[in-house]
Each structure stands twice: as structure tokens, then as C-alpha cells.
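> Here you go, this is data28.tsv (TSV, C-alpha atoms).
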chain	number	residue	atom	x	y	z
A	28	MET	CA	38.52	-1.73	-36.39
A	29	THR	CA	35.78	-0.57	-34.05
A	30	CYS	CA	32.32	-0.29	-35.61
A	31	ASN	CA	30.26	2.72	-34.59
A	32	ASN	CA	26.96	1.59	-36.09
A	33	LEU	CA	24.91	1.79	-32.89
A	34	ASP	CA	21.73	0.94	-34.77
A	35	ILE	CA	23.11	-2.47	-35.76
A	36	LYS	CA	24.74	-3.01	-32.37
A	37	GLY	CA	21.47	-2.20	-30.62
A	38	LEU	CA	19.74	-4.94	-32.64
A	39	LEU	CA	22.35	-7.65	-32.04
A	40	PRO	CA	20.77	-9.01	-28.81
A	41	ALA	CA	17.41	-9.34	-30.58
A	42	TYR	CA	19.18	-11.02	-33.53
A	43	GLN	CA	20.88	-13.43	-31.16
A	44	GLY	CA	17.49	-14.14	-29.57
A	45	LYS	CA	15.91	-14.66	-33.03
A	46	MET	CA	13.40	-11.94	-32.32
A	47	LEU	CA	13.91	-9.76	-35.39
A	48	SER	CA	11.75	-9.42	-38.47
A	49	PRO	CA	13.07	-11.05	-41.69
A	50	THR	CA	13.97	-7.60	-43.05
A	51	ASP	CA	16.04	-6.66	-40.01
A	52	THR	CA	17.59	-10.13	-39.92
A	53	ASP	CA	18.80	-9.70	-43.51
A	54	ARG	CA	20.14	-6.24	-42.71
A	55	ILE	CA	22.10	-7.56	-39.72
A	56	GLU	CA	23.51	-10.53	-41.62
A	57	LYS	CA	24.71	-8.29	-44.48
A	58	HIS	CA	26.45	-6.06	-41.97
A	59	LEU	CA	27.99	-9.01	-40.12
A	60	SER	CA	29.47	-10.39	-43.31
A	61	SER	CA	31.70	-7.34	-43.56
A	62	CYS	CA	32.19	-6.27	-39.91
A	63	GLU	CA	34.53	-8.26	-37.70
A	64	ASP	CA	33.87	-6.01	-34.70
A	65	CYS	CA	30.16	-6.83	-34.72
A	66	ARG	CA	30.87	-10.54	-35.26
A	67	THR	CA	33.05	-10.48	-32.18
A	68	GLU	CA	30.35	-8.67	-30.26
A	69	LEU	CA	27.74	-11.20	-31.39
A	70	SER	CA	29.97	-14.07	-30.28
A	71	LEU	CA	30.20	-12.42	-26.88
A	72	LEU	CA	26.42	-12.11	-26.70
A	73	TYR	CA	25.94	-15.78	-27.60
A	74	MET	CA	28.39	-16.75	-24.93
A	75	MET	CA	26.61	-14.67	-22.32
A	76	SER	CA	23.14	-15.84	-23.26
A	77	GLU	CA	24.16	-19.48	-23.24
A	78	GLU	CA	25.59	-19.29	-19.77
A	79	PRO	CA	23.75	-22.15	-18.09
A	80	VAL	CA	21.38	-21.52	-15.22
A	81	PRO	CA	20.98	-24.55	-12.97
A	82	ASP	CA	17.37	-25.66	-12.71
A	83	PRO	CA	16.29	-26.19	-9.09
A	84	GLY	CA	13.83	-28.86	-10.30
A	85	GLU	CA	10.10	-29.23	-10.74
A	86	ALA	CA	9.47	-29.90	-7.05
A	87	PHE	CA	11.02	-26.51	-6.23
A	88	TRP	CA	8.86	-24.67	-8.77
A	89	ALA	CA	5.69	-26.50	-7.77
A	90	ALA	CA	6.14	-25.71	-4.08
A	91	MET	CA	7.07	-22.07	-4.61
A	92	PRO	CA	3.55	-20.49	-4.78
A	93	GLY	CA	2.37	-22.29	-1.63
A	94	ARG	CA	5.57	-21.46	0.24
A	95	ILE	CA	5.31	-17.78	-0.65
A	96	PHE	CA	1.59	-17.64	0.14
A	97	ARG	CA	2.13	-19.09	3.62
A	98	GLU	CA	4.96	-16.65	4.27
A	99	VAL	CA	2.88	-13.69	3.05
A	100	GLN	CA	0.00	-14.72	5.34
A	101	ALA	CA	2.39	-15.18	8.27
A	102	GLN	CA	3.88	-11.73	7.75
A	103	LYS	CA	0.42	-10.16	7.53
A	104	GLN	CA	-0.57	-11.82	10.82
A	105	GLN	CA	2.69	-10.72	12.38
A	106	LYS	CA	1.98	-7.16	11.34
A	107	ALA	CA	-1.53	-7.36	12.78
A	108	SER	CA	-0.25	-8.82	16.05
A	109	HIS	CA	1.90	-5.72	16.60
A	110	TRP	CA	-1.33	-4.14	17.87
A	111	LEU	CA	-2.51	-7.19	19.82
A	112	PRO	CA	-0.55	-6.59	23.07
A	113	PHE	CA	-2.32	-3.25	23.43
A	114	GLY	CA	-5.72	-4.92	22.96
A	115	ARG	CA	-4.95	-7.71	25.37
A	116	GLY	CA	-3.65	-5.15	27.88
A	117	MET	CA	-6.99	-3.40	27.75
A	118	LEU	CA	-8.85	-6.64	28.49
A	119	ILE	CA	-6.74	-7.58	31.52
A	120	LEU	CA	-7.10	-4.28	33.36
A	121	PRO	CA	-7.49	-4.66	37.18
A	122	ARG	CA	-10.98	-4.51	38.66
A	123	TRP	CA	-10.45	-1.07	40.17
A	124	ALA	CA	-9.74	0.30	36.70
A	125	TRP	CA	-12.96	-1.19	35.32
A	126	ALA	CA	-14.86	0.21	38.37
A	127	ALA	CA	-13.36	3.66	37.83
A	128	ALA	CA	-14.28	3.49	34.15
A	129	ALA	CA	-17.88	2.51	35.06
A	130	VAL	CA	-18.19	5.38	37.56
A	131	PHE	CA	-16.85	7.78	34.99
A	132	LEU	CA	-19.34	6.51	32.43
A	133	VAL	CA	-22.29	6.86	34.82
A	134	ALA	CA	-21.19	10.38	35.81
A	135	ALA	CA	-20.92	11.35	32.16
A	136	VAL	CA	-24.42	10.06	31.44
A	137	VAL	CA	-25.89	11.88	34.47
A	138	LEU	CA	-24.21	15.12	33.45
A	139	LEU	CA	-25.50	14.70	29.94
A	140	LEU	CA	-29.08	14.13	31.08
A	141	ASP	CA	-29.02	16.86	33.73
A	142	ARG	CA	-27.88	19.68	31.50
A	143	PRO	CA	-30.34	22.55	30.81
A	144	VAL	CA	-32.90	21.77	28.14
A	145	PRO	CA	-32.19	23.74	24.98
A	146	LEU	CA	-34.80	26.20	23.83
A	147	ASP	CA	-35.87	24.16	20.83
A	148	THR	CA	-36.31	21.03	22.96
A	149	ALA	CA	-38.34	22.99	25.54
A	150	ARG	CA	-40.62	24.21	22.78
A	151	ASN	CA	-41.31	20.77	21.43
A	152	ALA	CA	-41.95	18.99	24.74
A	153	LEU	CA	-44.37	20.82	26.96
A	154	PRO	CA	-44.43	19.65	30.59
A	155	GLU	CA	-47.47	17.84	31.87
A	156	ASN	CA	-50.23	19.87	33.47
A	157	GLY	CA	-49.85	20.07	37.23
A	158	SER	CA	-46.07	20.53	37.22
A	159	SER	CA	-44.65	23.20	39.47
A	160	TYR	CA	-44.07	26.59	37.95
A	161	GLY	CA	-40.31	26.24	38.20
A	162	ASP	CA	-40.47	23.05	36.14
A	163	LEU	CA	-42.46	24.84	33.49
A	164	LEU	CA	-39.81	27.47	32.85
A	165	PRO	CA	-37.74	26.68	29.73
A	166	ALA	CA	-33.95	26.71	29.88
A	167	GLU	CA	-33.93	30.08	28.18
A	168	PRO	CA	-36.71	32.66	28.02
A	169	VAL	CA	-38.91	32.15	24.98
A	170	ASP	CA	-39.54	35.17	22.81
A	171	MET	CA	-43.19	35.02	21.76
A	172	ALA	CA	-42.24	36.54	18.44
A	173	ASP	CA	-40.18	33.39	17.71
A	174	LEU	CA	-43.15	31.04	18.16
A	175	THR	CA	-45.13	29.76	15.21
A	176	ASP	CA	-48.92	29.90	15.12
A	177	GLY	CA	-49.13	26.19	15.86
A	178	GLU	CA	-46.86	26.57	18.89
A	179	ILE	CA	-48.91	29.47	20.22
A	180	ASP	CA	-52.10	27.41	19.87
A	181	THR	CA	-50.48	24.49	21.72
A	182	VAL	CA	-49.30	26.74	24.53
A	183	ASP	CA	-52.73	28.37	24.71
A	184	VAL	CA	-54.45	25.00	25.13
A	185	TRP	CA	-51.94	23.94	27.75
A	186	ALA	CA	-52.24	27.24	29.68
A	187	THR	CA	-56.03	27.09	29.70
A	188	GLU	CA	-55.97	23.55	31.13
A	189	GLU	CA	-53.28	24.49	33.64
A	190	LEU	CA	-55.19	27.52	34.86
A	191	ALA	CA	-58.33	25.41	35.23
A	192	LEU	CA	-56.36	22.93	37.36
A	193	MET	CA	-54.94	25.71	39.53
A	194	ARG	CA	-58.37	27.23	39.93
A	195	ASP	CA	-59.88	23.94	41.02
A	196	GLU	CA	-57.02	23.32	43.42
A	197	VAL	CA	-57.41	26.72	45.03
A	198	SER	CA	-61.17	26.35	45.26
A	199	ASP	CA	-60.78	22.96	46.95
A	200	MET	CA	-58.23	24.38	49.31
A	201	PHE	CA	-60.59	27.15	50.34
A	202	ARG	CA	-63.45	24.72	50.77
A	203	THR	CA	-61.72	21.90	52.63
A	204	SER	CA	-58.59	23.14	54.24
A	205	THR	CA	-58.90	24.49	57.72
A	206	ASP	CA	-55.58	23.49	59.20
A	207	ILE	CA	-53.33	25.06	56.54
A	208	SER	CA	-52.85	28.77	56.66
A	209	ILE	CA	-53.42	30.54	53.38
A	210	ASP	CA	-50.53	32.82	54.29
A	211	ASP	CA	-48.20	29.81	54.44
A	212	ARG	CA	-49.25	28.81	50.94
A	213	LEU	CA	-48.91	32.33	49.60
A	214	VAL	CA	-45.41	32.62	51.04
A	215	GLU	CA	-44.32	29.64	48.94
A	216	LEU	CA	-45.35	31.39	45.72
A	217	ASP	CA	-42.97	33.64	43.85
A	218	THR	CA	-43.84	36.93	42.21
A	219	GLN	CA	-44.93	35.52	38.87
A	220	GLU	CA	-47.09	32.86	40.51
A	221	LEU	CA	-48.71	35.50	42.71
A	222	GLU	CA	-49.45	37.66	39.68
A	223	GLN	CA	-51.02	34.67	37.89
A	224	LEU	CA	-53.09	33.89	40.97
A	225	SER	CA	-54.20	37.51	41.22
A	226	ARG	CA	-55.25	37.54	37.57
A	227	MET	CA	-57.10	34.27	38.04
A	228	LEU	CA	-58.98	35.60	41.06
A	229	ASP	CA	-59.85	38.79	39.16
A	230	THR	CA	-61.26	36.62	36.36
A	231	GLN	CA	-63.28	34.62	38.84
A	232	ASP	CA	-64.59	37.82	40.38
A	233	GLU	CA	-65.60	39.12	36.97
A	234	GLU	CA	-67.34	35.82	36.20
A	235	GLY	CA	-69.12	36.08	39.50
B	21	MET	CA	-6.17	-4.47	-19.12
B	22	ASP	CA	-2.73	-6.04	-18.46
B	23	GLU	CA	-3.11	-9.75	-17.65
B	24	ASP	CA	-0.93	-9.38	-14.57
B	25	LEU	CA	-3.07	-6.53	-13.26
B	26	THR	CA	-6.21	-8.63	-13.72
B	27	LEU	CA	-4.59	-11.45	-11.75
B	28	LEU	CA	-3.47	-8.97	-9.14
B	29	ASP	CA	-6.99	-7.62	-8.71
B	30	ARG	CA	-8.29	-11.16	-8.33
B	31	PHE	CA	-5.63	-11.89	-5.70
B	32	VAL	CA	-6.51	-8.73	-3.76
B	33	ALA	CA	-10.15	-9.84	-3.86
B	34	GLY	CA	-9.09	-13.11	-2.21
B	35	ASP	CA	-8.53	-15.41	-5.20
B	36	ARG	CA	-5.74	-17.80	-4.25
B	37	ASP	CA	-5.50	-19.27	-7.76
B	38	ALA	CA	-4.63	-15.84	-9.14
B	39	PHE	CA	-1.78	-15.60	-6.63
B	40	ASP	CA	-0.41	-18.99	-7.68
B	41	GLU	CA	-0.67	-18.07	-11.34
B	42	LEU	CA	1.25	-14.84	-10.85
B	43	VAL	CA	4.06	-16.64	-9.02
B	44	ARG	CA	4.24	-19.46	-11.57
B	45	LYS	CA	4.34	-16.99	-14.45
B	46	HIS	CA	7.28	-14.95	-13.15
B	47	GLN	CA	9.32	-17.34	-11.02
B	48	LYS	CA	11.56	-18.87	-13.70
B	49	PRO	CA	12.59	-15.69	-15.57
B	50	LEU	CA	13.23	-13.97	-12.25
B	51	TYR	CA	15.27	-16.88	-10.95
B	52	SER	CA	17.33	-16.89	-14.13
B	53	LEU	CA	18.15	-13.20	-13.77
B	54	LEU	CA	18.90	-13.57	-10.07
B	55	TYR	CA	21.18	-16.54	-10.59
B	56	ARG	CA	23.14	-14.60	-13.19
B	57	MET	CA	23.43	-11.72	-10.79
B	58	VAL	CA	24.51	-13.60	-7.66
B	59	SER	CA	26.03	-16.78	-9.20
B	60	ASP	CA	24.66	-19.00	-6.46
B	61	LYS	CA	21.51	-21.09	-6.78
B	62	GLU	CA	20.72	-21.00	-3.04
B	63	ASP	CA	21.05	-17.23	-2.93
B	64	ALA	CA	19.04	-16.89	-6.13
B	65	ALA	CA	16.23	-19.04	-4.70
B	66	ASP	CA	16.31	-17.12	-1.43
B	67	ILE	CA	16.11	-13.72	-3.16
B	68	LEU	CA	13.40	-15.02	-5.49
B	69	GLN	CA	11.23	-15.91	-2.50
B	70	LYS	CA	11.99	-12.60	-0.77
B	71	THR	CA	11.09	-10.74	-3.97
B	72	PHE	CA	7.63	-12.27	-4.15
B	73	ILE	CA	7.02	-11.84	-0.41
B	74	LYS	CA	8.06	-8.20	-0.55
B	75	ALA	CA	5.88	-7.63	-3.61
B	76	PHE	CA	2.76	-9.26	-2.17
B	77	THR	CA	3.04	-7.87	1.36
B	78	GLY	CA	3.68	-4.40	-0.05
B	79	ILE	CA	1.11	-4.63	-2.81
B	80	GLY	CA	-0.41	-1.35	-1.56
B	81	GLY	CA	2.78	0.42	-2.62
B	82	PHE	CA	2.45	-0.73	-6.24
B	83	GLU	CA	1.03	2.34	-7.97
B	84	ARG	CA	0.58	0.64	-11.37
B	85	ARG	CA	2.60	3.27	-13.18
B	86	SER	CA	4.72	0.42	-14.52
B	87	SER	CA	3.84	-3.21	-15.26
B	88	PHE	CA	3.75	-5.71	-12.41
B	89	ARG	CA	6.67	-7.55	-14.06
B	90	THR	CA	8.78	-4.38	-14.10
B	91	TRP	CA	7.96	-3.81	-10.43
B	92	LEU	CA	9.01	-7.39	-9.60
B	93	TYR	CA	12.30	-6.94	-11.47
B	94	GLN	CA	12.97	-3.70	-9.59
B	95	ILE	CA	12.47	-5.44	-6.24
B	96	ALA	CA	14.54	-8.47	-7.27
B	97	ILE	CA	17.42	-6.35	-8.55
B	98	ASN	CA	17.49	-4.22	-5.40
B	99	LEU	CA	17.53	-7.31	-3.16
B	100	ALA	CA	20.25	-8.93	-5.27
B	101	LYS	CA	22.29	-5.73	-5.26
B	102	ASN	CA	22.14	-5.65	-1.48
B	103	LEU	CA	23.35	-9.23	-1.25
B	104	TYR	CA	25.93	-8.65	-3.95
B	105	ARG	CA	27.21	-5.63	-2.07
B	106	ASP	CA	27.37	-7.53	1.20
B	107	ARG	CA	28.90	-10.81	0.05
B	108	SER	CA	30.33	-10.90	-3.41
B	109	ARG	CA	32.28	-7.75	-3.91
B	110	ALA	CA	35.21	-8.83	-1.77
B	111	ALA	CA	35.47	-12.14	-3.63
B	112	LEU	CA	35.37	-10.63	-7.13
B	113	VAL	CA	38.42	-10.58	-9.29
B	114	PRO	CA	39.14	-6.98	-10.37
B	115	LEU	CA	38.08	-6.42	-13.96
B	116	ASP	CA	41.52	-5.46	-15.17
B	117	ASP	CA	42.94	-8.76	-13.94
B	118	VAL	CA	40.47	-10.90	-15.82
B	119	VAL	CA	42.08	-12.82	-18.66
B	120	ILE	CA	39.69	-13.76	-21.42
B	121	ARG	CA	40.89	-15.80	-24.35
B	122	ARG	CA	39.84	-14.43	-27.70
B	123	ASP	CA	38.85	-16.80	-30.46
B	124	PRO	CA	36.25	-15.05	-32.67
B	125	LYS	CA	36.58	-17.48	-35.56
B	126	VAL	CA	35.20	-20.48	-33.75
B	127	LEU	CA	32.15	-19.90	-31.60
B	128	GLU	CA	32.44	-23.30	-29.92
B	129	SER	CA	35.81	-22.39	-28.49
B	130	LEU	CA	34.27	-19.33	-26.86
B	131	ILE	CA	31.79	-21.52	-25.05
B	132	HIS	CA	34.59	-23.36	-23.42
B	133	LYS	CA	34.16	-23.52	-19.66
B	134	GLU	CA	37.29	-21.54	-18.89
B	135	SER	CA	36.23	-18.75	-21.21
B	136	ARG	CA	32.76	-18.74	-19.68
B	137	ASP	CA	34.22	-18.37	-16.22
B	138	HIS	CA	36.38	-15.48	-17.36
B	139	LEU	CA	33.45	-13.82	-19.07
B	140	HIS	CA	31.27	-14.34	-16.05
B	141	ARG	CA	33.80	-12.64	-13.82
B	142	ALA	CA	34.28	-9.87	-16.32
B	143	VAL	CA	30.54	-9.18	-16.42
B	144	ALA	CA	30.38	-9.27	-12.64
B	145	GLY	CA	33.14	-6.70	-12.48
B	146	LEU	CA	31.31	-4.14	-14.63
B	147	PRO	CA	29.78	-1.11	-12.92
B	148	ASP	CA	26.35	-2.03	-11.51
B	149	LYS	CA	24.25	-0.16	-14.06
B	150	GLN	CA	26.20	-1.40	-17.10
B	151	ARG	CA	26.27	-4.96	-15.79
B	152	LEU	CA	22.54	-5.07	-15.09
B	153	THR	CA	21.67	-3.43	-18.38
B	154	VAL	CA	23.80	-5.88	-20.39
B	155	MET	CA	22.35	-8.84	-18.50
B	156	LEU	CA	18.76	-7.67	-18.98
B	157	ARG	CA	19.30	-7.00	-22.67
B	158	VAL	CA	21.34	-10.04	-23.61
B	159	GLN	CA	20.32	-12.73	-21.15
B	160	GLU	CA	16.75	-11.70	-20.39
B	161	GLN	CA	15.99	-10.29	-23.84
B	162	LYS	CA	14.38	-7.17	-22.41
B	163	THR	CA	13.81	-4.18	-24.69
B	164	PHE	CA	15.52	-0.90	-23.90
B	165	GLU	CA	12.12	0.50	-22.92
B	166	GLU	CA	11.62	-2.30	-20.42
B	167	ILE	CA	15.15	-1.87	-19.08
B	168	ALA	CA	14.50	1.85	-18.63
B	169	GLY	CA	11.40	0.99	-16.58
B	170	ILE	CA	13.22	-1.55	-14.44
B	171	MET	CA	16.31	0.60	-13.91
B	172	GLN	CA	14.20	3.74	-13.50
B	173	CYS	CA	16.14	5.73	-16.06
B	174	SER	CA	15.53	7.07	-19.58
B	175	VAL	CA	15.62	4.86	-22.66
B	176	GLY	CA	18.65	6.82	-23.87
B	177	THR	CA	20.50	6.09	-20.63
B	178	SER	CA	19.70	2.38	-20.84
B	179	LYS	CA	21.07	2.29	-24.42
B	180	ALA	CA	24.19	4.16	-23.36
B	181	ASN	CA	24.75	1.80	-20.42
B	182	TYR	CA	24.37	-1.18	-22.73
B	183	HIS	CA	26.80	0.08	-25.36
B	184	HIS	CA	29.41	1.14	-22.79
B	185	GLY	CA	29.11	-2.20	-20.99
B	186	VAL	CA	29.46	-4.29	-24.14
B	187	GLN	CA	32.31	-2.12	-25.39
B	188	LYS	CA	34.18	-2.61	-22.15
B	189	LEU	CA	33.76	-6.39	-22.29
B	190	LYS	CA	34.86	-6.45	-25.92
B	191	GLU	CA	37.99	-4.45	-25.17
B	192	LEU	CA	38.89	-7.01	-22.56
B	193	PHE	CA	38.41	-9.75	-25.15
B	194	ASN	CA	40.75	-8.00	-27.57
B	195	LYS	CA	43.29	-7.30	-24.87
B	196	ALA	CA	43.22	-10.89	-23.69
B	197	GLY	CA	43.55	-12.11	-27.30
B	198	ASN	CA	46.56	-9.93	-27.91
B	199	ASP	CA	48.14	-11.11	-24.66
B	200	HIS	CA	47.50	-14.71	-25.71
B	201	ASP	CA	49.04	-14.16	-29.15
B	202	VAL	CA	52.17	-12.72	-27.54
Show how you would write the structure in this file as C-alpha cells.

Amino acid sequence: MTCNNLDIKGLLPAYQGKMLSPTDTDRIEKHLSSCEDCRTELSLLYMMSEEPVPDPGEAFWAAMPGRIFREVQAQKQQKASHWLPFGRGMLILPRWAWAAAAVFLVAAVVLLLDRPVPLDTARNALPENGSSYGDLLPAEPVDMADLTDGEIDTVDVWATEELALMRDEVSDMFRTSTDISIDDRLVELDTQELEQLSRMLDTQDEEG
Amino acid sequence: MDEDLTLLDRFVAGDRDAFDELVRKHQKPLYSLLYRMVSDKEDAADILQKTFIKAFTGIGGFERRSSFRTWLYQIAINLAKNLYRDRSRAALVPLDDVVIRRDPKVLESLIHKESRDHLHRAVAGLPDKQRLTVMLRVQEQKTFEEIAGIMQCSVGTSKANYHHGVQKLKELFNKAGNDHDV
């Protein structure tokens, strides 16, 4: 007769493996004494569990960690070397390719350095006195309302020194230069420079 | 923290001793299961090595939702199933043709070599899930919870697979016994 006590049947492997508590062991043994179906099943479990497994030997077990470790390392290196041909290919480029890359790099640097100076940079790095007027112009017009008091003071100091230099230069030119036409010099100036010169001369006149 | 996970962290940090300890700890139980699955010691040793290599090279894929042991068993069983599918199926004796002599009164007679061979072939002929569940429960002494983790199913399903598998084997025993009596 087939036994349908799944609770007992579920515990039979643990009973066979001697892994049950004394209470459960007693319960199983009482059931087995009256249930041929479960005794048959237990016999089957014993037979399965006692199926021999050949032992490969201590040398096999001792060598296993090292063997696996070497293989794991080899596979990791193999994975890494999938990218190596690309790297090596980069290193053995022909000379013309390296030359082209160098030219490109130089051009990129020149372009980067030659680009217009941003407004903020122009504010923070005033040109030296004596530069031409064109050099003094920032990349973008500066709105005076945007300047801080400190910046206005700095610009004021610079402008005063610059005007003094221009004044001295013009005075020297008038005193010493006989072979250069004043008209030629004036032609080289643009409108803003002429206006500045005019204002400077007016100031000189007023100062006597 | 799980001892295996501690060893695993040490291995990832570069501790070679932790690696060796993990392998030594799991190699024999895994080999035993694999041998019972593939019935060939060379194949079992080969799959055992592949299991560890796959586990350690793919350690990034171990999300620690199960134990490291469960993860190893999953890998081992999948590798063995692949080999089993490729090599053994054609050589198996169909389950219905297996003749198993029944002798429940004397246990020793059941452990006779001929009976063991018949039983072995009968187990091998069970559907994959039932066969693996019965082997894990009876031969590896895994709990149903552990089997559920390894087989990636519910505990209820692992219990059902076990009971159906054992029932099927037992029926064959009875059938063979009746045939023998006649």
C-alpha cells in the first residue's frame, strides 16, 4: 500500500543521513515499524547514498587550487590581451602618421592660444603701458557699469600712466623729429586715437 | 558574514590563501555530485575544474543574493547538464526498460552491484529536475531550501520534484519485483 505521509517521507533523507533530532528520529522509527512503503523507500535512499564515488586521490585534491588559480590568471590575461593588438597597432604607426598627428597637435595649440580673449580675462590682465591702441582693445566692449570699483581704479591708474607716456612721446617727437612728417603720423591714427590725442592737447593747452 | 563571502572578499583583495581555502572547502562535495551526475571520474574532474574557473573569472556576476556554495552548485549543474545532454543521453537505457530487483527485506541484497547499476541507470533516466532534486536531497543531503536556491525554483516545487522522483523510482522497484516473482 502506498503511504501518503509526505511529512515522514520528506524527513527520510535526513533520517538516512542521521541528521534528525532524537524526537524526529523516534517519530520516523515508529512510522517505519508499521509502513512497508516507507521502509522500501528508505532502502532505496540508502542504496543511492551509498553509491560509491571514486576518490581521485590526495595528489589530485592538493594540486587542484594551484591548477585552477593558474588557469584563472591565464584567462584573465587572455581577456586583457584582446585589447593589446589595438595598443600595439597604435605604437607601430608609420612616421608620416606620427608627423601628421604632431602637426595637428601644434595647429590645435596655436588655434587655442590665438582665439579672442574673453571679456573676463581681458579685465583681469591689463596690457603693459606702451602697447598699441589696437592691442589694448578687449575682445568684447567693456560696459563700464559692469566694472567694480577696484577695476575702475586699476584702469584709471593705467590710463593715467599711458597718457603720460603718449604725451612724452609726442613732445619728444615735436622736439627732435624733423624728418618725419606729422601728417604721416596722424594718418596712422584711427578716430579714437585722434580724439584721445585732441583731448590730451587740449589738456596741455589748459595747463599752459 | 558568511565565511565563504569573507574568503571571497579576501580573494578579490588579492589574498591567494583565501582562494585556495575556497577551492579546498568545496572541491570534494562538488566532485561527488558531479560524478553522480555524469558517472565518469574524468568528466567529473574536468567539470569540477571548469566550475571553479567559471566562478572565479566571472566573480563580478555573483550578486550575493544566494550563498557562494549555491552559486557554485548552479554553475556545476549547468555544466554537467550540458555535457550530459551532449554525451550521455544517447547511451542511456530508457527508464521503462530498466529492470531493478526488489528485495526490501534484506538491505544488503539491495546493495548488490547489479542492483546498484540498475538503480543508477534508473536515476539517470529520470527527468532532469526530478533526478537532480533526488540526488541533491539524498546523496548530497541538501535541505529543500538549499535545493530551491540551487535549482532556482520555490521550496514547494523542490519538494514536489523530490516526491515525484522518488515515487517513480519506487514504482520501478515494485514493478521489477513483481516481474522477478513471476
> Anything within 9 Å of (19.8, -20.3, -15.5): list those residues as a VMD selection string, counting all atoms listed in the file and sticking to the file's coordinates.
(chain A and resid 77 to 82) or (chain B and resid 48 to 49 51 to 56 61)
> Considering all atoms listed in the file, state which residue in the set B:Ala96, B:Leu25, B:Leu42, B:Ile79 is at the smallest distance from Val58 (chain B).
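Looking only at the distances to Val58 (chain B), the closest residue turns out to be B:Ala96.
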> Extract, using all atoms listed in the file, all DNA, RNA and protein residues at most 9 Å from Tyr93 (chain B), discarding same-chain residues fewer than 5 positions from it, and format them as a ChimeraX atom specification.
/B:50,53,71,88,98,170-171
> Could those residues be written to a file, using C-alpha atoms, as a PDB file, in the coordinates of the input?

ATOM      1  CA  LEU B  50      13.230 -13.970 -12.250  1.00  0.00           C
ATOM      2  CA  LEU B  53      18.150 -13.200 -13.770  1.00  0.00           C
ATOM      3  CA  THR B  71      11.090 -10.740  -3.970  1.00  0.00           C
ATOM      4  CA  PHE B  88       3.750  -5.710 -12.410  1.00  0.00           C
ATOM      5  CA  ASN B  98      17.490  -4.220  -5.400  1.00  0.00           C
ATOM      6  CA  ILE B 170      13.220  -1.550 -14.440  1.00  0.00           C
ATOM      7  CA  MET B 171      16.310   0.600 -13.910  1.00  0.00           C
TER       8      MET B 171
END
> Could you please select, counting all atoms listed in the file, the residues of chain B within 8 Å of chain A and state them as an NGL selection string?
:B and (39-40 or 43-44 or 47 or 52 or 55-56 or 61 or 69 or 72-73 or 76-77 or 124 or 127 or 130-131 or 136 or 139-140 or 157-159 or 161 or 179 or 183 or 186 or 190)
> Find the residues near region 231-235 of chain A: any atom within 12 Å, counting only C-alpha atoms, skip ones fewer than 3 places away on the same chain, and give them as a PyMOL selection string.
chain A and resi 190-191+194-195+197-198+224-228
> Report the distance between CA of Ala86 (chain A) and CA of Ala101 (chain A) in Å, rounded to one decimal place.
22.4 Å
> One decimal, Å: what's the distance from CA of Lys101 (chain B) over to CA of Leu152 (chain B), could you say?
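Rounded to one decimal, the two atoms are 9.9 Å apart.
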> Could you tell me how far CA of Asp37 (chain B) sits from CA of Phe82 (chain B), in Å to one decimal place?
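One can read the CA of Phe82 (chain B) to CA of Asp37 (chain B) distance as 20.2 Å.
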